[in-house]
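A.B. asks: Sharing work12.txt (compact mmCIF, C-alpha atoms and all ligand atoms) below.
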```txt
# COMPACT_ATOMS: atom_id res chain seq x y z
CA MET A 1 0.00 0.00 0.00
CA LYS A 2 1.29 3.50 -0.87
CA GLN A 3 2.32 5.47 2.20
CA LYS A 4 0.29 8.61 2.88
CA PRO A 5 2.23 11.88 2.63
CA THR A 6 2.64 13.67 5.96
CA ALA A 7 2.10 17.41 6.38
CA LEU A 8 3.16 19.48 9.37
CA ILE A 9 1.08 22.63 9.90
CA THR A 10 2.47 25.12 12.40
CA GLY A 11 -0.38 27.21 13.78
CA GLY A 12 -2.73 24.48 12.59
CA ALA A 13 -5.24 25.03 15.41
CA GLY A 14 -5.79 28.61 14.29
CA PHE A 15 -8.30 30.12 11.92
CA ILE A 16 -6.54 29.54 8.58
CA GLY A 17 -4.38 26.60 9.67
CA SER A 18 -7.37 24.54 10.77
CA HIS A 19 -9.09 24.97 7.40
CA LEU A 20 -5.86 23.88 5.72
CA GLY A 21 -5.80 20.80 8.00
CA ASP A 22 -9.28 19.85 6.80
CA LYS A 23 -8.28 20.33 3.18
CA LEU A 24 -5.17 18.15 3.58
CA LEU A 25 -7.07 15.40 5.42
CA GLY A 26 -9.50 15.36 2.48
CA GLU A 27 -6.55 15.03 0.09
CA GLY A 28 -5.26 11.94 1.92
CA PHE A 29 -2.49 13.47 4.04
CA GLU A 30 -1.48 12.48 7.55
CA VAL A 31 -1.72 15.84 9.32
CA LEU A 32 0.43 16.92 12.26
CA VAL A 33 -0.41 20.22 13.93
CA LEU A 34 2.07 22.13 16.06
CA ASP A 35 0.38 24.97 17.95
CA ASN A 36 0.98 26.65 21.30
CA LEU A 37 -2.74 27.55 21.57
CA SER A 38 -1.94 31.21 22.18
CA SER A 39 -4.67 32.04 19.68
CA GLY A 40 -5.51 28.63 18.19
CA LYS A 41 -8.21 26.43 19.71
CA LEU A 42 -8.52 22.67 20.10
CA VAL A 43 -12.17 22.80 18.95
CA ASN A 44 -10.93 23.91 15.52
CA LEU A 45 -9.21 20.55 15.00
CA SER A 46 -11.00 17.78 13.11
CA SER A 47 -10.64 14.20 14.27
CA GLY A 48 -7.81 12.44 12.50
CA ILE A 49 -5.40 15.30 13.07
CA GLU A 50 -2.47 14.65 15.39
CA PHE A 51 -2.02 17.60 17.73
CA ILE A 52 1.25 18.56 19.42
CA GLN A 53 1.25 21.53 21.79
CA GLY A 54 4.38 23.63 21.58
CA CYS A 55 6.19 26.59 20.07
CA THR A 56 7.66 26.52 16.58
CA THR A 57 10.84 28.12 17.97
CA ASP A 58 11.48 25.09 20.21
CA LYS A 59 14.26 23.63 18.04
CA ASN A 60 14.16 20.08 19.49
CA MET A 61 10.41 19.80 19.15
CA ALA A 62 10.47 21.32 15.66
CA GLN A 63 13.23 18.95 14.52
CA LYS A 64 11.30 15.86 15.68
CA LEU A 65 8.22 16.98 13.76
CA VAL A 66 10.06 18.16 10.65
CA ASP A 67 11.77 14.73 10.55
CA LYS A 68 8.31 13.16 10.15
CA ALA A 69 6.97 15.52 7.47
CA ASP A 70 7.08 15.50 3.69
CA THR A 71 5.86 19.06 3.68
CA ILE A 72 5.80 21.90 6.17
CA PHE A 73 3.16 24.62 6.07
CA HIS A 74 4.32 27.47 8.31
CA LEU A 75 1.34 29.45 9.56
CA SER A 76 2.11 30.01 13.24
CA ALA A 77 2.53 33.70 14.07
CA ILE A 78 1.48 36.43 16.47
CA ALA A 79 -0.74 38.09 13.89
CA SER A 80 -1.08 41.48 15.50
CA VAL A 81 0.60 44.67 14.40
CA GLN A 82 0.06 46.26 17.80
CA ALA A 83 1.52 43.28 19.66
CA SER A 84 4.55 43.43 17.38
CA HIS A 85 5.26 46.92 18.69
CA GLU A 86 4.41 46.26 22.33
CA ASN A 87 6.33 42.94 22.52
CA TRP A 88 8.91 43.42 19.80
CA LEU A 89 11.33 40.63 20.66
CA GLU A 90 8.68 38.05 21.54
CA THR A 91 6.77 38.62 18.30
CA HIS A 92 10.03 38.68 16.34
CA ARG A 93 10.79 35.19 17.65
CA ALA A 94 7.31 33.95 16.79
CA ASN A 95 7.14 35.63 13.39
CA GLN A 96 10.70 35.41 12.06
CA SER A 97 12.92 33.10 14.16
CA SER A 98 10.24 30.43 13.76
CA THR A 99 10.77 30.48 9.98
CA VAL A 100 14.55 30.12 10.31
CA THR A 101 14.09 27.37 12.91
CA LEU A 102 11.98 25.28 10.53
CA LEU A 103 14.23 25.87 7.53
CA ASP A 104 17.26 24.97 9.63
CA CYS A 105 15.48 21.76 10.74
CA ILE A 106 14.93 20.88 7.07
CA THR A 107 18.64 21.29 6.35
CA ASN A 108 19.50 19.11 9.38
CA THR A 109 17.00 16.32 8.85
CA LYS A 110 18.22 12.75 8.44
CA ARG A 111 15.21 12.06 6.30
CA SER A 112 16.01 10.86 2.80
CA ARG A 113 12.89 12.07 0.97
CA PRO A 114 13.06 15.76 -0.08
CA GLN A 115 10.74 18.11 1.79
CA SER A 116 8.83 21.19 0.74
CA PHE A 117 8.06 24.36 2.68
CA VAL A 118 5.21 26.85 2.26
CA LEU A 119 5.32 30.17 4.11
CA SER A 120 2.23 32.11 5.11
CA SER A 121 3.24 35.74 4.57
CA SER A 122 1.11 38.86 4.49
CA ALA A 123 0.12 41.67 2.14
CA SER A 124 1.36 43.96 4.90
CA VAL A 125 4.88 43.53 3.44
CA TYR A 126 3.84 46.04 0.74
CA GLY A 127 3.09 48.86 3.19
CA ASN A 128 1.47 51.68 1.21
CA PRO A 129 2.07 50.47 -2.35
CA LYS A 130 2.69 52.82 -5.25
CA THR A 131 0.48 50.98 -7.72
CA MET A 132 -2.92 49.31 -7.44
CA PRO A 133 -3.77 46.48 -7.95
CA ILE A 134 -0.63 45.40 -6.14
CA SER A 135 1.47 42.88 -8.03
CA GLU A 136 4.11 40.65 -6.51
CA SER A 137 6.85 42.76 -8.09
CA GLU A 138 5.86 45.81 -6.01
CA ILE A 139 8.68 47.01 -3.78
CA LEU A 140 8.42 45.76 -0.19
CA SER A 141 7.97 48.52 2.32
CA PRO A 142 6.99 47.10 5.71
CA LEU A 143 5.51 49.68 8.09
CA SER A 144 5.34 47.54 11.22
CA ALA A 145 7.53 45.07 13.10
CA TYR A 146 5.00 42.39 12.13
CA ALA A 147 5.38 43.19 8.42
CA ALA A 148 9.18 43.45 8.75
CA ASP A 149 9.29 39.94 10.24
CA LYS A 150 7.10 38.58 7.45
CA ALA A 151 9.26 40.25 4.78
CA ALA A 152 12.45 38.92 6.40
CA SER A 153 10.90 35.45 6.65
CA GLU A 154 10.28 35.62 2.92
CA TYR A 155 13.97 36.41 2.33
CA HIS A 156 15.01 33.48 4.53
CA VAL A 157 12.75 31.19 2.50
CA LYS A 158 14.46 32.36 -0.70
CA ILE A 159 17.83 31.60 0.93
CA GLY A 160 16.51 28.16 1.85
CA SER A 161 15.85 27.54 -1.82
CA ARG A 162 18.96 29.23 -3.23
CA ILE A 163 21.55 27.86 -0.82
CA HIS A 164 19.96 24.62 0.37
CA ASN A 165 17.83 23.73 -2.63
CA ILE A 166 14.66 23.46 -0.52
CA ARG A 167 11.43 23.41 -2.55
CA THR A 168 9.44 26.42 -1.34
CA SER A 169 6.50 28.75 -2.06
CA VAL A 170 5.47 32.00 -0.37
CA LEU A 171 1.86 33.15 -0.04
CA ARG A 172 1.08 36.80 0.67
CA LEU A 173 -2.36 36.74 2.23
CA PHE A 174 -4.69 39.71 1.85
CA ASN A 175 -7.75 40.03 4.11
CA VAL A 176 -8.88 36.50 4.90
CA TYR A 177 -12.31 35.86 6.44
CA GLY A 178 -14.55 32.92 7.21
CA PRO A 179 -15.77 30.59 9.97
CA ARG A 180 -13.54 30.13 13.08
CA GLN A 181 -12.07 33.62 12.82
CA ASP A 182 -11.75 34.99 16.34
CA THR A 183 -14.21 37.74 17.20
CA ALA A 184 -12.97 38.40 20.70
CA SER A 185 -9.73 40.22 20.05
CA PRO A 186 -9.53 43.89 19.07
CA TYR A 187 -7.16 42.78 16.29
CA SER A 188 -9.68 40.40 14.74
CA GLY A 189 -10.68 40.91 11.15
CA VAL A 190 -13.38 43.47 10.51
CA ILE A 191 -15.78 40.85 9.13
CA SER A 192 -15.78 38.68 12.23
CA ILE A 193 -16.15 41.78 14.43
CA PHE A 194 -19.08 43.15 12.39
CA ALA A 195 -20.81 39.76 12.19
CA SER A 196 -20.60 39.22 15.92
CA LYS A 197 -21.77 42.76 16.74
CA ILE A 198 -24.75 42.56 14.40
CA MET A 199 -25.76 39.18 15.79
CA ASN A 200 -25.58 40.61 19.32
CA GLY A 201 -27.59 43.69 18.33
CA GLU A 202 -24.64 46.02 18.98
CA ALA A 203 -23.63 49.10 16.98
CA LEU A 204 -20.79 48.77 14.50
CA THR A 205 -17.71 50.92 14.89
CA ILE A 206 -16.34 52.27 11.64
CA HIS A 207 -12.90 53.83 11.77
CA GLY A 208 -12.79 56.90 9.54
CA THR A 209 -15.33 57.42 6.76
CA GLY A 210 -15.77 53.75 5.90
CA ASP A 211 -14.69 54.47 2.32
CA GLN A 212 -11.47 52.52 2.83
CA THR A 213 -11.43 49.35 0.73
CA ARG A 214 -10.05 45.83 1.20
CA ASP A 215 -9.63 42.73 -0.94
CA PHE A 216 -11.36 40.03 1.13
CA ILE A 217 -10.77 36.37 0.35
CA TYR A 218 -12.67 33.41 1.79
CA VAL A 219 -10.66 31.01 3.95
CA GLY A 220 -11.70 27.91 1.95
CA ASP A 221 -10.10 29.42 -1.15
CA VAL A 222 -6.99 30.26 0.87
CA ALA A 223 -6.68 26.62 2.04
CA GLU A 224 -6.94 25.50 -1.60
CA TYR A 225 -4.15 27.92 -2.54
CA PHE A 226 -1.88 26.53 0.21
CA TYR A 227 -2.46 23.01 -1.05
CA ARG A 228 -1.67 23.97 -4.65
CA ALA A 229 1.31 26.16 -3.71
CA ASN A 230 2.85 23.09 -2.09
CA GLN A 231 2.34 21.03 -5.23
CA LYS A 232 4.18 23.74 -7.19
CA ALA A 233 6.90 24.37 -4.58
CA ASP A 234 10.36 24.27 -6.12
CA ALA A 235 13.84 25.69 -5.72
CA ASN A 236 12.82 28.76 -7.75
CA SER A 237 10.57 29.70 -4.80
CA GLN A 238 7.62 31.53 -6.30
CA THR A 239 5.67 34.19 -4.37
CA TYR A 240 1.91 34.56 -4.78
CA ASN A 241 -0.64 37.20 -3.85
CA ILE A 242 -3.59 35.41 -2.29
CA CYS A 243 -6.55 37.67 -2.93
CA THR A 244 -9.56 38.00 -5.22
CA GLY A 245 -8.55 40.99 -7.35
CA LYS A 246 -11.77 42.75 -6.21
CA SER A 247 -12.26 45.10 -3.31
CA ILE A 248 -15.18 46.56 -1.38
CA SER A 249 -15.44 49.41 1.07
CA ILE A 250 -16.06 48.93 4.78
CA ASN A 251 -19.37 50.81 4.36
CA GLU A 252 -20.49 48.41 1.61
CA LEU A 253 -19.41 45.49 3.76
CA SER A 254 -21.56 46.66 6.67
CA HIS A 255 -24.61 46.87 4.38
CA ILE A 256 -24.09 43.39 2.92
CA ILE A 257 -23.78 41.88 6.40
CA ALA A 258 -26.91 43.73 7.54
CA ASP A 259 -28.81 42.40 4.48
CA ILE A 260 -27.75 38.83 5.20
CA CYS A 261 -28.79 39.17 8.84
CA GLU A 262 -32.01 40.94 7.75
CA THR A 263 -31.47 43.67 10.26
CA LYS A 264 -30.85 47.40 10.40
CA ILE A 265 -27.43 48.53 11.46
CA ASP A 266 -26.35 51.18 13.89
CA VAL A 267 -22.99 52.73 13.16
CA THR A 268 -20.70 54.84 15.28
CA HIS A 269 -17.63 56.47 13.77
CA GLU A 270 -14.24 56.62 15.40
CA PRO A 271 -10.97 58.15 14.20
CA VAL A 272 -8.92 56.34 11.58
CA ARG A 273 -6.79 53.62 13.16
CA ASP A 274 -3.11 54.38 13.46
CA GLY A 275 -1.26 53.08 10.40
CA ASP A 276 -4.45 52.07 8.56
CA ILE A 277 -4.00 52.03 4.81
CA LEU A 278 -6.78 53.51 2.68
CA HIS A 279 -7.01 50.99 -0.13
CA SER A 280 -5.84 47.44 -0.64
CA LEU A 281 -6.39 45.50 -3.82
CA GLY A 282 -4.22 42.65 -5.04
CA ASP A 283 -3.38 41.40 -8.50
CA ASN A 284 -3.99 37.65 -8.37
CA SER A 285 -3.13 36.79 -11.98
CA ARG A 286 0.06 34.89 -11.08
CA ALA A 287 -1.78 32.66 -8.58
CA ILE A 288 -4.55 32.02 -11.09
CA SER A 289 -2.21 31.02 -13.90
CA ASN A 290 0.55 29.17 -12.00
CA LEU A 291 -1.68 27.47 -9.44
CA ASN A 292 -4.47 26.99 -11.93
CA TYR A 293 -7.13 28.19 -9.52
CA GLY A 294 -9.21 31.33 -9.01
CA PRO A 295 -11.25 32.10 -5.88
CA GLN A 296 -14.57 30.23 -6.00
CA THR A 297 -16.45 31.79 -3.10
CA ASP A 298 -18.07 35.16 -3.73
CA MET A 299 -18.48 37.64 -0.91
CA LYS A 300 -22.17 36.97 -0.20
CA THR A 301 -21.74 33.19 -0.11
CA GLY A 302 -18.63 33.47 2.05
CA LEU A 303 -20.38 35.83 4.45
CA ARG A 304 -23.34 33.45 4.74
CA HIS A 305 -20.98 30.59 5.69
CA THR A 306 -19.31 32.90 8.21
CA ILE A 307 -22.42 34.28 9.82
CA VAL A 308 -24.43 31.06 10.29
CA THR A 309 -21.60 29.27 12.10
C1 LIG B 1 -5.09 43.36 7.64
C2 LIG B 1 -4.54 42.27 8.54
C3 LIG B 1 -3.24 42.68 9.10
C4 LIG B 1 -2.28 43.13 8.01
C5 LIG B 1 -2.95 44.25 7.17
C6 LIG B 1 -2.12 44.74 5.98
C7 LIG B 1 -6.49 41.13 9.39
C8 LIG B 1 -7.32 40.87 10.59
N1 LIG B 1 -5.48 42.01 9.58
O1 LIG B 1 -5.36 44.51 8.41
O2 LIG B 1 -2.66 41.58 9.79
O3 LIG B 1 -1.13 43.66 8.58
O4 LIG B 1 -4.17 43.71 6.66
O5 LIG B 1 -2.12 43.84 4.96
O6 LIG B 1 -6.69 40.55 8.34
N2 LIG B 1 -12.40 48.43 10.80
C9 LIG B 1 -13.49 49.16 11.22
N3 LIG B 1 -14.16 48.71 12.32
C10 LIG B 1 -13.80 47.59 13.03
C11 LIG B 1 -12.66 46.86 12.59
C12 LIG B 1 -11.98 47.31 11.47
O7 LIG B 1 -13.84 50.18 10.63
O8 LIG B 1 -14.49 47.24 14.01
C13 LIG B 1 -11.69 48.88 9.59
C14 LIG B 1 -10.21 49.10 9.82
O9 LIG B 1 -9.96 50.39 10.32
C15 LIG B 1 -9.65 48.88 8.41
C16 LIG B 1 -10.62 47.85 7.80
O10 LIG B 1 -11.79 47.87 8.61
O11 LIG B 1 -9.68 50.07 7.67
C17 LIG B 1 -10.06 46.46 7.78
O12 LIG B 1 -9.57 46.15 9.07
P1 LIG B 1 -8.98 44.72 9.46
O13 LIG B 1 -9.96 43.65 9.19
O14 LIG B 1 -8.44 44.80 10.84
O15 LIG B 1 -7.81 44.47 8.42
P2 LIG B 1 -6.57 45.41 7.98
O16 LIG B 1 -6.46 46.64 8.76
O17 LIG B 1 -6.69 45.55 6.50
```
Written as structure tokens, that's how I'd like the structure from this file.
C.D. replies:
Amino acid sequence: MKQKPTALITGGAGFIGSHLGDKLLGEGFEVLVLDNLSSGKLVNLSSGIEFIQGCTTDKNMAQKLVDKADTIFHLSAIASVQASHENWLETHRANQSSTVTLLDCITNTKRSRPQSFVLSSSASVYGNPKTMPISESEILSPLSAYAADKAASEYHVKIGSRIHNIRTSVLRLFNVYGPRQDTASPYSGVISIFASKIMNGEALTIHGTGDQTRDFIYVGDVAEYFYRANQKADANSQTYNICTGKSISINELSHIIADICETKIDVTHEPVRDGDILHSLGDNSRAISNLNYGPQTDMKTGLRHTIVT
């Protein structure tokens, strides 16, 4: 009988990682999840997934798990810009040293079969881009410690490919939404915050005019992109924008959510958040052509999946 491939997902108990785990189980993988549960939750894990509690920066633990894996999906991070400024060194370890730890484990493994590595990066590496839609060739201009760590992680991945011949891909995620996204933290995505407030009959807070726009992509499509980016991982290390190529304003978003919930919304306005960018729209043509996949879930369908759960 053919042996199943094994995938290690760091941060696999989190919002995006847990959807990727489900996708990989469905594709016949053995799935190992390494997560310290700082933001991930055990309830996100489907049965059949092997869970290991720990930090990606724990070299001994990471080496043991990397030794078992054919492919490593690196999603663990402290995904908060504010935290990256308040706890600079701690977030740096979680968001950048973790990447080097895993790549170093790959170079040290005794395993004979070659491994692949997929990095979850962020559109925040672009900062305030000069051109819109943003293509992957846009100059990187991180504006936060979080974005700087993601950009540096990307460079380390390229080194992993160039010097050590590791098969890699890098995904720059735009605004991901969907079921299991945390609503409790002030750094949660706007969609999960709005959905939870509307369902609790609370007023929405809009920062600024609400005319700012974002390119929102459904988490199921993001999981599909991770799976395909691994299939295409090679020593040329391609980078992909993971987005829809369409954007909507925060005002429009609030109206669509209100329509779905069949309710009227109350809105209060607050000042623009520090460091908020006005518009974000990605060019996803490279992902569509190289990974042979375009986002399948439109905004209304994705929001319905998000709001009923
Ligand atoms: C997102 C990422 C962030 C990344 C950044 C740049 C998420 C959760 N965050 O931030 O990690 O660094 O892209 O690529 O995906 N808003 C409101 N009211 C609210 C909440 C938010 O008006 O209650 C507004 C924000 O001010 C912002 C927009 O909605 O203008 C989107 O906010 P958010 O979902 O936090 O995402 P980004 O700021 O785009």
A.B. asks: In Å, rounded to a single decimal, give me how far CA of Cys243 (chain A) is from CA of Gly160 (chain A).
C.D. replies: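 Spanning CA of Gly160 (chain A) to CA of Cys243 (chain A) is a straight-line distance of 25.4 Å.
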A.B. asks: Considering all atoms listed in the file, can you say which of A:Ser46, A:Asn175, A:Gln296, A:Asn60 comes closest to Ser121 (chain A)?
C.D. replies: A:Asn175
A.B. asks: Using only C-alpha atoms, which of the listed residues (A:Leu25, A:Leu171, A:Leu20, A:Cys55) sits closest to Arg286 (chain A)?
C.D. replies: A:Leu171
A.B. asks: Taking only C-alpha atoms and all ligand atoms into account, which residues have an atom no farther than 7 Å from ligand LIG 1 (chain B)? I'd like them as number ranges by chain.
C.D. replies: A: 79-81, 122-124, 147, 174-176, 187-191, 193-194, 204-208, 210, 212, 214, 250, 272-273, 276-278
A.B. asks: Would you pick out the contacts of Ile257 (chain A) at 10 Å or less, using all atoms listed in the file, so that residues sharing its chain but fewer than 3 positions from it are not included, and give the list as a PDB file with C-alpha atoms, in the frame of the given file?
C.D. replies:
```pdb
ATOM      1  CA  ILE A 191     -15.780  40.850   9.130  1.00  0.00           C
ATOM      2  CA  PHE A 194     -19.080  43.150  12.390  1.00  0.00           C
ATOM      3  CA  ALA A 195     -20.810  39.760  12.190  1.00  0.00           C
ATOM      4  CA  ILE A 198     -24.750  42.560  14.400  1.00  0.00           C
ATOM      5  CA  MET A 199     -25.760  39.180  15.790  1.00  0.00           C
ATOM      6  CA  GLU A 252     -20.490  48.410   1.610  1.00  0.00           C
ATOM      7  CA  LEU A 253     -19.410  45.490   3.760  1.00  0.00           C
ATOM      8  CA  SER A 254     -21.560  46.660   6.670  1.00  0.00           C
ATOM      9  CA  ILE A 260     -27.750  38.830   5.200  1.00  0.00           C
ATOM     10  CA  CYS A 261     -28.790  39.170   8.840  1.00  0.00           C
ATOM     11  CA  GLU A 262     -32.010  40.940   7.750  1.00  0.00           C
ATOM     12  CA  THR A 263     -31.470  43.670  10.260  1.00  0.00           C
ATOM     13  CA  LYS A 264     -30.850  47.400  10.400  1.00  0.00           C
ATOM     14  CA  ILE A 265     -27.430  48.530  11.460  1.00  0.00           C
ATOM     15  CA  MET A 299     -18.480  37.640  -0.910  1.00  0.00           C
ATOM     16  CA  LYS A 300     -22.170  36.970  -0.200  1.00  0.00           C
ATOM     17  CA  LEU A 303     -20.380  35.830   4.450  1.00  0.00           C
ATOM     18  CA  ARG A 304     -23.340  33.450   4.740  1.00  0.00           C
ATOM     19  CA  ILE A 307     -22.420  34.280   9.820  1.00  0.00           C
TER      20      ILE A 307
END
```
A.B. asks: Can you tell me how far CA of Asp221 (chain A) sits from CA of Leu143 (chain A), in Å to one decimal?
C.D. replies: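 Between these atoms lies a distance of 27.2 Å.
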A.B. asks: Identify, on the basis of only C-alpha atoms, every residue whose closest approach to His164 (chain A) does not exceed 12 Å; exclude the query and any residue fewer than 6 positions from it along the same chain; express the result as number ranges by chain.
C.D. replies: A: 103-108, 114-116, 156-158, 234-237
A.B. asks: In Å, how far is it from CA of Lys4 (chain A) to CA of Glu30 (chain A)?
C.D. replies: 6.3 Å
